[in-house]
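J.: Provided herewith is a single structure, encoded as structure tokens, for subsequent inquiry.
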Amino acid sequence: MSNPAIVGFSGNITRPSKTRAFVDLIVQDIATRHRLSSRTYDIDDVGPSLGTAKWARDLDARAQAILSDVIAADVLVVGSPTYKGSYTGLFKHFFDLIDPSALRGKPVVLTATGGGERHSLIVEHQLRPLFGFFEAFALPTAVYATDKDFTDGVLRSELILKRAAQAVHEIAVLLVNKSGVRIAAE
């Protein structure tokens, strides 16, 4: 991707995936509204070199290209299925390979999926601290969806779609500000 603008990264390891579909829904909404290029990846796209990599240089060429796209993105949308109360291990390992300063100031939309409401705080207790470590700008609105919010792998919950739209709006404000255009207080 020559000029990545919006990049999604999902921590799922299976396909089809509700998490990837959820992340991609938000990525596509942002890209369409702002006429930006977009790409969504997951662990399966990164491939088997991720599991054995101790450093980013240990990744194969495809995995290094994905890592580069994530780092170069103007906006990052991340999501993970909830596994034992947290993000998946390979999701964390992927981000462990990134230099701590590489995501500084980058706007990040946090999303997660899980079997039920009891895991909803994954976005606040797991994802927000992870991206806080990188000094990324995690958007105020994080979005969590449960299995019941999907029908045939497609997000259908009006409440969750509305919350996702709120996060997309927050990105719009950042993109407008980044372009130098002043906006009036609402």
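We label chains A, B, ... in the order they appear in the structure tokens, count residues from 1 in each chain, and number ligands from 1 in the order shown.
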Fewer than 4 positions away in the same chain doesn't count, so skip those; otherwise give me all residues within 10 Å of Gly85 (chain A), counting only C-alpha atoms, as a PyMOL selection string.

T.: chain A and resi 81+114+118-122+125-126

J.: Residues near Ile43 (chain A), anyone? I mean within 8 Å using only C-alpha atoms, not counting same-chain ones fewer than 3 positions away, as a list of chain:residue names.

T.: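 These residues fall inside the cut-off: A:Ser10, A:Gly11, A:Asn12, A:Ile13, A:Val46, A:Gly47, A:Leu90, A:Phe91.
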
J.: Store the residues picked out above in a file with N, CA and C atoms, as a short mmCIF file (atom, residue, chain, number, x, y, z; two decimals), in the first residue's frame.

T.:
```cif
data_model
loop_
_atom_site.label_atom_id
_atom_site.label_comp_id
_atom_site.auth_asym_id
_atom_site.auth_seq_id
_atom_site.Cartn_x
_atom_site.Cartn_y
_atom_site.Cartn_z
N SER A 10 -6.89 -6.73 13.13
CA SER A 10 -7.72 -7.58 13.98
C SER A 10 -6.89 -8.73 14.54
N GLY A 11 -7.09 -9.00 15.81
CA GLY A 11 -6.34 -10.05 16.49
C GLY A 11 -6.93 -11.44 16.36
N ASN A 12 -7.87 -11.63 15.44
CA ASN A 12 -8.46 -12.95 15.29
C ASN A 12 -7.52 -13.90 14.56
N ILE A 13 -7.74 -15.18 14.79
CA ILE A 13 -6.91 -16.19 14.15
C ILE A 13 -7.74 -17.13 13.28
N VAL A 46 -0.73 -11.95 8.58
CA VAL A 46 0.67 -11.80 8.99
C VAL A 46 1.43 -13.09 8.75
N GLY A 47 0.79 -14.22 8.99
CA GLY A 47 1.40 -15.50 8.67
C GLY A 47 2.22 -16.11 9.79
N LEU A 90 -1.26 -13.50 20.11
CA LEU A 90 -0.57 -13.11 18.89
C LEU A 90 -0.83 -11.66 18.53
N PHE A 91 -1.99 -11.12 18.89
CA PHE A 91 -2.26 -9.69 18.72
C PHE A 91 -1.23 -8.89 19.52
#
```

J.: Going by DSSP on the backbone, which residues of region 1-184 of chain A come out as strand (DSSP E)? List them as number ranges by chain.

T.: A: 6-10, 38-42, 75-81, 107-114, 137-138, 143-146, 150-151, 154-155

J.: Show me a table, sorted first by chain and then by increasing residue number, of the residues of region 67-163 of chain A having an atom at most 12 Å from region 30-40 of chain A, each with its shortest atom pair and the distance in Å to one decimal, counting only C-alpha atoms and written as a Markdown table.

T.:
```
| residue | atom | partner | partner_atom | distance |
| --- | --- | --- | --- | --- |
| A:Leu67 | CA | A:Thr40 | CA | 11.9 |
| A:Asp69 | CA | A:Arg39 | CA | 8.6 |
| A:Val70 | CA | A:Arg39 | CA | 9.4 |
| A:Ala72 | CA | A:Ser38 | CA | 11.8 |
| A:Ala73 | CA | A:Ser38 | CA | 9.0 |
| A:Asp74 | CA | A:Leu36 | CA | 9.8 |
| A:Val75 | CA | A:Ile30 | CA | 9.2 |
| A:Leu76 | CA | A:Thr40 | CA | 9.7 |
| A:Val77 | CA | A:Thr40 | CA | 8.6 |
| A:Val78 | CA | A:Thr40 | CA | 9.4 |
| A:Gly79 | CA | A:Thr40 | CA | 10.7 |
| A:Val109 | CA | A:Ile30 | CA | 10.8 |
```

J.: Output all heavy atoms for every residue in that selection, as a tab-separated table (two decimals), in the first residue's frame.

T.:
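As a result, part-v6.tsv now contains:
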```
chain	number	residue	atom	x	y	z
A	67	LEU	N	3.32	-4.88	9.02
A	67	LEU	CA	3.80	-4.10	10.16
A	67	LEU	C	4.10	-2.66	9.72
A	67	LEU	O	3.72	-1.70	10.41
A	67	LEU	CB	5.05	-4.75	10.76
A	67	LEU	CG	5.54	-4.19	12.08
A	67	LEU	CD1	4.61	-4.60	13.22
A	67	LEU	CD2	6.95	-4.69	12.36
A	69	ASP	N	2.71	-1.04	7.20
A	69	ASP	CA	1.43	-0.37	6.94
A	69	ASP	C	0.78	0.10	8.24
A	69	ASP	O	0.24	1.20	8.30
A	69	ASP	CB	0.45	-1.30	6.21
A	69	ASP	CG	0.67	-1.34	4.71
A	69	ASP	OD1	1.54	-0.60	4.19
A	69	ASP	OD2	-0.04	-2.12	4.04
A	70	VAL	N	0.84	-0.72	9.27
A	70	VAL	CA	0.26	-0.35	10.57
A	70	VAL	C	0.98	0.89	11.11
A	70	VAL	O	0.35	1.85	11.55
A	70	VAL	CB	0.33	-1.53	11.56
A	70	VAL	CG1	0.06	-1.08	12.99
A	70	VAL	CG2	-0.66	-2.62	11.15
A	72	ALA	N	2.71	3.14	9.43
A	72	ALA	CA	2.56	4.31	8.55
A	72	ALA	C	1.14	4.86	8.50
A	72	ALA	O	0.93	5.96	7.98
A	72	ALA	CB	3.02	3.94	7.14
A	73	ALA	N	0.17	4.15	9.02
A	73	ALA	CA	-1.23	4.57	8.92
A	73	ALA	C	-1.45	5.93	9.56
A	73	ALA	O	-0.85	6.27	10.57
A	73	ALA	CB	-2.13	3.54	9.60
A	74	ASP	N	-2.34	6.71	8.94
A	74	ASP	CA	-2.75	7.97	9.55
A	74	ASP	C	-3.72	7.72	10.69
A	74	ASP	O	-3.74	8.46	11.67
A	74	ASP	CB	-3.41	8.87	8.50
A	74	ASP	CG	-2.44	9.32	7.43
A	74	ASP	OD1	-1.32	9.74	7.79
A	74	ASP	OD2	-2.79	9.23	6.25
A	75	VAL	N	-4.54	6.70	10.54
A	75	VAL	CA	-5.49	6.28	11.57
A	75	VAL	C	-5.44	4.76	11.64
A	75	VAL	O	-5.40	4.08	10.61
A	75	VAL	CB	-6.93	6.71	11.22
A	75	VAL	CG1	-7.92	6.18	12.25
A	75	VAL	CG2	-7.03	8.23	11.13
A	76	LEU	N	-5.45	4.24	12.85
A	76	LEU	CA	-5.41	2.80	13.08
A	76	LEU	C	-6.71	2.39	13.77
A	76	LEU	O	-7.14	3.05	14.72
A	76	LEU	CB	-4.20	2.47	13.95
A	76	LEU	CG	-3.80	1.04	14.18
A	76	LEU	CD1	-3.53	0.32	12.87
A	76	LEU	CD2	-2.56	0.99	15.07
A	77	VAL	N	-7.33	1.33	13.27
A	77	VAL	CA	-8.51	0.74	13.92
A	77	VAL	C	-8.09	-0.66	14.34
A	77	VAL	O	-7.71	-1.47	13.49
A	77	VAL	CB	-9.71	0.67	12.97
A	77	VAL	CG1	-10.91	0.03	13.67
A	77	VAL	CG2	-10.07	2.06	12.44
A	78	VAL	N	-8.10	-0.92	15.64
A	78	VAL	CA	-7.67	-2.23	16.13
A	78	VAL	C	-8.83	-2.94	16.82
A	78	VAL	O	-9.72	-2.30	17.37
A	78	VAL	CB	-6.47	-2.13	17.10
A	78	VAL	CG1	-5.26	-1.52	16.41
A	78	VAL	CG2	-6.83	-1.36	18.35
A	79	GLY	N	-8.77	-4.25	16.79
A	79	GLY	CA	-9.78	-5.03	17.49
A	79	GLY	C	-9.26	-6.41	17.78
A	79	GLY	O	-8.41	-6.94	17.05
A	109	VAL	N	-8.67	3.77	16.99
A	109	VAL	CA	-10.02	3.38	17.41
A	109	VAL	C	-9.90	1.99	18.01
A	109	VAL	O	-9.38	1.07	17.38
A	109	VAL	CB	-11.00	3.36	16.22
A	109	VAL	CG1	-12.39	2.89	16.69
A	109	VAL	CG2	-11.09	4.72	15.56
```

J.: Enter the distance from CA of Ala172 (chain A) to CA of Leu139 (chain A), in Å, rounded to one decimal.

T.: 11.2 Å

J.: Between A:Val154, A:Ala56, A:Ile66, A:Val27, which has the minimum distance to Ala167 (chain A) (counting only C-alpha atoms)?

T.: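 Ranking A:Val154, A:Ala56, A:Ile66, A:Val27 by distance to Ala167 (chain A), first place goes to A:Val27.
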
J.: May I ask which of the residues A:Thr141, A:Ser80, A:Thr52, A:Gln166 is the closest one to Leu97 (chain A), counting only C-alpha atoms?

T.: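 Result for the nearest residue to Leu97 (chain A): A:Thr52.
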
J.: Using only C-alpha atoms, which protein or nucleic acid residues come within 10 Å of region 14-18 of chain A? Drop anything in the same chain fewer than 4 positions from it, and give the result as a PDB file with all heavy atoms, in the first residue's frame.

T.:
```pdb
ATOM      1  N   SER A  10      -6.888  -6.728  13.126  1.00  0.00           N
ATOM      2  CA  SER A  10      -7.717  -7.579  13.976  1.00  0.00           C
ATOM      3  C   SER A  10      -6.893  -8.727  14.542  1.00  0.00           C
ATOM      4  O   SER A  10      -6.121  -9.352  13.814  1.00  0.00           O
ATOM      5  CB  SER A  10      -8.882  -8.120  13.146  1.00  0.00           C
ATOM      6  OG  SER A  10      -9.594  -9.085  13.856  1.00  0.00           O
ATOM      7  N   PHE A  22     -16.012  -6.447  12.015  1.00  0.00           N
ATOM      8  CA  PHE A  22     -16.288  -5.265  12.834  1.00  0.00           C
ATOM      9  C   PHE A  22     -15.244  -4.181  12.586  1.00  0.00           C
ATOM     10  O   PHE A  22     -15.564  -3.020  12.320  1.00  0.00           O
ATOM     11  CB  PHE A  22     -16.327  -5.689  14.293  1.00  0.00           C
ATOM     12  CG  PHE A  22     -16.753  -4.653  15.279  1.00  0.00           C
ATOM     13  CD1 PHE A  22     -17.564  -3.590  14.933  1.00  0.00           C
ATOM     14  CD2 PHE A  22     -16.350  -4.761  16.597  1.00  0.00           C
ATOM     15  CE1 PHE A  22     -17.964  -2.657  15.872  1.00  0.00           C
ATOM     16  CE2 PHE A  22     -16.745  -3.841  17.544  1.00  0.00           C
ATOM     17  CZ  PHE A  22     -17.551  -2.779  17.183  1.00  0.00           C
ATOM     18  N   VAL A  23     -13.969  -4.567  12.649  1.00  0.00           N
ATOM     19  CA  VAL A  23     -12.876  -3.625  12.391  1.00  0.00           C
ATOM     20  C   VAL A  23     -13.003  -3.064  10.974  1.00  0.00           C
ATOM     21  O   VAL A  23     -12.905  -1.846  10.761  1.00  0.00           O
ATOM     22  CB  VAL A  23     -11.502  -4.298  12.604  1.00  0.00           C
ATOM     23  CG1 VAL A  23     -10.366  -3.450  12.042  1.00  0.00           C
ATOM     24  CG2 VAL A  23     -11.270  -4.583  14.083  1.00  0.00           C
ATOM     25  N   ASP A  24     -13.248  -3.930  10.010  1.00  0.00           N
ATOM     26  CA  ASP A  24     -13.332  -3.486   8.624  1.00  0.00           C
ATOM     27  C   ASP A  24     -14.535  -2.573   8.386  1.00  0.00           C
ATOM     28  O   ASP A  24     -14.448  -1.637   7.587  1.00  0.00           O
ATOM     29  CB  ASP A  24     -13.372  -4.686   7.679  1.00  0.00           C
ATOM     30  CG  ASP A  24     -13.072  -4.288   6.250  1.00  0.00           C
ATOM     31  OD1 ASP A  24     -12.073  -3.563   6.020  1.00  0.00           O
ATOM     32  OD2 ASP A  24     -13.845  -4.673   5.356  1.00  0.00           O
ATOM     33  N   ASP A  42      -5.454  -9.165   9.523  1.00  0.00           N
ATOM     34  CA  ASP A  42      -5.598  -9.929  10.754  1.00  0.00           C
ATOM     35  C   ASP A  42      -4.359 -10.803  10.924  1.00  0.00           C
ATOM     36  O   ASP A  42      -3.444 -10.774  10.100  1.00  0.00           O
ATOM     37  CB  ASP A  42      -6.904 -10.724  10.776  1.00  0.00           C
ATOM     38  CG  ASP A  42      -7.022 -11.755   9.660  1.00  0.00           C
ATOM     39  OD1 ASP A  42      -5.995 -12.223   9.132  1.00  0.00           O
ATOM     40  OD2 ASP A  42      -8.162 -12.094   9.313  1.00  0.00           O
ATOM     41  N   ILE A  43      -4.345 -11.570  11.992  1.00  0.00           N
ATOM     42  CA  ILE A  43      -3.186 -12.419  12.303  1.00  0.00           C
ATOM     43  C   ILE A  43      -2.901 -13.392  11.162  1.00  0.00           C
ATOM     44  O   ILE A  43      -1.744 -13.642  10.820  1.00  0.00           O
ATOM     45  CB  ILE A  43      -3.430 -13.190  13.624  1.00  0.00           C
ATOM     46  CG1 ILE A  43      -3.564 -12.222  14.804  1.00  0.00           C
ATOM     47  CG2 ILE A  43      -2.339 -14.217  13.875  1.00  0.00           C
ATOM     48  CD1 ILE A  43      -2.352 -11.404  15.126  1.00  0.00           C
ATOM     49  N   ASP A  44      -3.960 -13.925  10.549  1.00  0.00           N
ATOM     50  CA  ASP A  44      -3.780 -14.872   9.455  1.00  0.00           C
ATOM     51  C   ASP A  44      -3.017 -14.233   8.290  1.00  0.00           C
ATOM     52  O   ASP A  44      -2.206 -14.889   7.644  1.00  0.00           O
ATOM     53  CB  ASP A  44      -5.141 -15.402   8.997  1.00  0.00           C
ATOM     54  CG  ASP A  44      -5.018 -16.666   8.179  1.00  0.00           C
ATOM     55  OD1 ASP A  44      -4.184 -17.531   8.528  1.00  0.00           O
ATOM     56  OD2 ASP A  44      -5.762 -16.797   7.185  1.00  0.00           O
ATOM     57  N   SER A  80      -9.779  -6.983  18.839  1.00  0.00           N
ATOM     58  CA  SER A  80      -9.407  -8.349  19.187  1.00  0.00           C
ATOM     59  C   SER A  80     -10.616  -9.065  19.751  1.00  0.00           C
ATOM     60  O   SER A  80     -11.423  -8.458  20.460  1.00  0.00           O
ATOM     61  CB  SER A  80      -8.286  -8.361  20.238  1.00  0.00           C
ATOM     62  OG  SER A  80      -7.955  -9.693  20.596  1.00  0.00           O
ATOM     63  N   PRO A  81     -10.718 -10.349  19.437  1.00  0.00           N
ATOM     64  CA  PRO A  81     -11.706 -11.119  20.170  1.00  0.00           C
ATOM     65  C   PRO A  81     -11.222 -11.233  21.617  1.00  0.00           C
ATOM     66  O   PRO A  81     -10.013 -11.153  21.874  1.00  0.00           O
ATOM     67  CB  PRO A  81     -11.707 -12.476  19.470  1.00  0.00           C
ATOM     68  CG  PRO A  81     -10.417 -12.557  18.739  1.00  0.00           C
ATOM     69  CD  PRO A  81      -9.982 -11.148  18.473  1.00  0.00           C
ATOM     70  N   ALA A 112     -13.399  -4.384  20.315  1.00  0.00           N
ATOM     71  CA  ALA A 112     -13.232  -5.774  20.745  1.00  0.00           C
ATOM     72  C   ALA A 112     -14.568  -6.483  20.606  1.00  0.00           C
ATOM     73  O   ALA A 112     -15.624  -5.850  20.560  1.00  0.00           O
ATOM     74  CB  ALA A 112     -12.736  -5.844  22.186  1.00  0.00           C
ATOM     75  N   THR A 113     -14.489  -7.795  20.539  1.00  0.00           N
ATOM     76  CA  THR A 113     -15.688  -8.625  20.500  1.00  0.00           C
ATOM     77  C   THR A 113     -15.571  -9.698  21.568  1.00  0.00           C
ATOM     78  O   THR A 113     -14.468 -10.040  21.997  1.00  0.00           O
ATOM     79  CB  THR A 113     -15.864  -9.301  19.126  1.00  0.00           C
ATOM     80  OG1 THR A 113     -14.708 -10.096  18.852  1.00  0.00           O
ATOM     81  CG2 THR A 113     -16.070  -8.278  18.023  1.00  0.00           C
ATOM     82  N   GLY A 114     -16.711 -10.208  21.969  1.00  0.00           N
ATOM     83  CA  GLY A 114     -16.709 -11.272  22.967  1.00  0.00           C
ATOM     84  C   GLY A 114     -18.057 -11.954  23.031  1.00  0.00           C
ATOM     85  O   GLY A 114     -19.035 -11.486  22.445  1.00  0.00           O
ATOM     86  N   ALA A 145     -18.533  -5.308  21.071  1.00  0.00           N
ATOM     87  CA  ALA A 145     -19.727  -5.981  20.564  1.00  0.00           C
ATOM     88  C   ALA A 145     -19.728  -7.436  21.007  1.00  0.00           C
ATOM     89  O   ALA A 145     -18.668  -8.076  21.076  1.00  0.00           O
ATOM     90  CB  ALA A 145     -19.768  -5.901  19.041  1.00  0.00           C
ATOM     91  N   THR A 146     -20.907  -7.942  21.309  1.00  0.00           N
ATOM     92  CA  THR A 146     -21.047  -9.341  21.714  1.00  0.00           C
ATOM     93  C   THR A 146     -21.572 -10.169  20.545  1.00  0.00           C
ATOM     94  O   THR A 146     -22.017  -9.633  19.526  1.00  0.00           O
ATOM     95  CB  THR A 146     -22.032  -9.481  22.892  1.00  0.00           C
ATOM     96  OG1 THR A 146     -23.342  -9.124  22.444  1.00  0.00           O
ATOM     97  CG2 THR A 146     -21.617  -8.618  24.069  1.00  0.00           C
ATOM     98  N   ASP A 147     -21.561 -11.464  20.734  1.00  0.00           N
ATOM     99  CA  ASP A 147     -22.066 -12.370  19.700  1.00  0.00           C
ATOM    100  C   ASP A 147     -23.496 -12.033  19.298  1.00  0.00           C
ATOM    101  O   ASP A 147     -23.847 -12.108  18.124  1.00  0.00           O
ATOM    102  CB  ASP A 147     -22.002 -13.824  20.180  1.00  0.00           C
ATOM    103  CG  ASP A 147     -20.587 -14.360  20.244  1.00  0.00           C
ATOM    104  OD1 ASP A 147     -19.663 -13.719  19.681  1.00  0.00           O
ATOM    105  OD2 ASP A 147     -20.387 -15.430  20.859  1.00  0.00           O
ATOM    106  N   ASP A 149     -24.850  -9.265  18.979  1.00  0.00           N
ATOM    107  CA  ASP A 149     -24.921  -8.050  18.169  1.00  0.00           C
ATOM    108  C   ASP A 149     -24.736  -8.329  16.677  1.00  0.00           C
ATOM    109  O   ASP A 149     -24.876  -7.434  15.855  1.00  0.00           O
ATOM    110  CB  ASP A 149     -23.874  -7.034  18.637  1.00  0.00           C
ATOM    111  CG  ASP A 149     -24.120  -6.566  20.055  1.00  0.00           C
ATOM    112  OD1 ASP A 149     -25.294  -6.368  20.418  1.00  0.00           O
ATOM    113  OD2 ASP A 149     -23.132  -6.424  20.815  1.00  0.00           O
ATOM    114  N   PHE A 150     -24.414  -9.572  16.345  1.00  0.00           N
ATOM    115  CA  PHE A 150     -24.163  -9.979  14.966  1.00  0.00           C
ATOM    116  C   PHE A 150     -25.229 -10.961  14.490  1.00  0.00           C
ATOM    117  O   PHE A 150     -25.722 -11.767  15.263  1.00  0.00           O
ATOM    118  CB  PHE A 150     -22.795 -10.670  14.857  1.00  0.00           C
ATOM    119  CG  PHE A 150     -21.628  -9.769  15.112  1.00  0.00           C
ATOM    120  CD1 PHE A 150     -21.195  -9.521  16.411  1.00  0.00           C
ATOM    121  CD2 PHE A 150     -20.949  -9.184  14.059  1.00  0.00           C
ATOM    122  CE1 PHE A 150     -20.110  -8.697  16.649  1.00  0.00           C
ATOM    123  CE2 PHE A 150     -19.857  -8.366  14.291  1.00  0.00           C
ATOM    124  CZ  PHE A 150     -19.439  -8.114  15.593  1.00  0.00           C
ATOM    125  N   THR A 151     -25.535 -10.881  13.212  1.00  0.00           N
ATOM    126  CA  THR A 151     -26.384 -11.871  12.556  1.00  0.00           C
ATOM    127  C   THR A 151     -25.632 -12.343  11.325  1.00  0.00           C
ATOM    128  O   THR A 151     -25.268 -11.516  10.464  1.00  0.00           O
ATOM    129  CB  THR A 151     -27.742 -11.251  12.138  1.00  0.00           C
ATOM    130  OG1 THR A 151     -28.373 -10.707  13.295  1.00  0.00           O
ATOM    131  CG2 THR A 151     -28.638 -12.309  11.501  1.00  0.00           C
ATOM    132  N   ASP A 152     -25.369 -13.630  11.269  1.00  0.00           N
ATOM    133  CA  ASP A 152     -24.610 -14.202  10.146  1.00  0.00           C
ATOM    134  C   ASP A 152     -23.286 -13.468   9.923  1.00  0.00           C
ATOM    135  O   ASP A 152     -22.887 -13.194   8.784  1.00  0.00           O
ATOM    136  CB  ASP A 152     -25.449 -14.191   8.863  1.00  0.00           C
ATOM    137  CG  ASP A 152     -26.704 -15.052   8.996  1.00  0.00           C
ATOM    138  OD1 ASP A 152     -26.635 -16.102   9.664  1.00  0.00           O
ATOM    139  OD2 ASP A 152     -27.743 -14.658   8.432  1.00  0.00           O
ATOM    140  N   GLY A 153     -22.610 -13.118  11.010  1.00  0.00           N
ATOM    141  CA  GLY A 153     -21.298 -12.477  10.926  1.00  0.00           C
ATOM    142  C   GLY A 153     -21.317 -10.996  10.618  1.00  0.00           C
ATOM    143  O   GLY A 153     -20.271 -10.380  10.463  1.00  0.00           O
ATOM    144  N   VAL A 154     -22.506 -10.404  10.520  1.00  0.00           N
ATOM    145  CA  VAL A 154     -22.636  -8.982  10.196  1.00  0.00           C
ATOM    146  C   VAL A 154     -23.179  -8.247  11.422  1.00  0.00           C
ATOM    147  O   VAL A 154     -24.164  -8.677  12.024  1.00  0.00           O
ATOM    148  CB  VAL A 154     -23.581  -8.775   8.990  1.00  0.00           C
ATOM    149  CG1 VAL A 154     -23.776  -7.301   8.689  1.00  0.00           C
ATOM    150  CG2 VAL A 154     -23.049  -9.513   7.764  1.00  0.00           C
ATOM    151  N   LEU A 155     -22.538  -7.153  11.773  1.00  0.00           N
ATOM    152  CA  LEU A 155     -22.991  -6.354  12.909  1.00  0.00           C
ATOM    153  C   LEU A 155     -24.362  -5.766  12.604  1.00  0.00           C
ATOM    154  O   LEU A 155     -24.533  -5.065  11.609  1.00  0.00           O
ATOM    155  CB  LEU A 155     -21.982  -5.237  13.206  1.00  0.00           C
ATOM    156  CG  LEU A 155     -22.269  -4.365  14.420  1.00  0.00           C
ATOM    157  CD1 LEU A 155     -22.252  -5.184  15.697  1.00  0.00           C
ATOM    158  CD2 LEU A 155     -21.259  -3.240  14.512  1.00  0.00           C
TER     159      LEU A 155
END
```

J.: Mind giving me the straight-line distance from CA of Arg156 (chain A) to CA of Phe9 (chain A) in Å, one decimal?

T.: 21.0 Å

J.: Please measure the separation of CA of Tyr41 (chain A) and CA of Ile26 (chain A), giving the value in Å to one decimal.

T.: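 For CA of Tyr41 (chain A) relative to CA of Ile26 (chain A), the distance reads 13.0 Å.
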
J.: Which of these, A:Arg128, A:Pro100, A:Phe134, A:Thr88, has the shortest distance to Thr19 (chain A) once you count only C-alpha atoms?

T.: A:Thr88
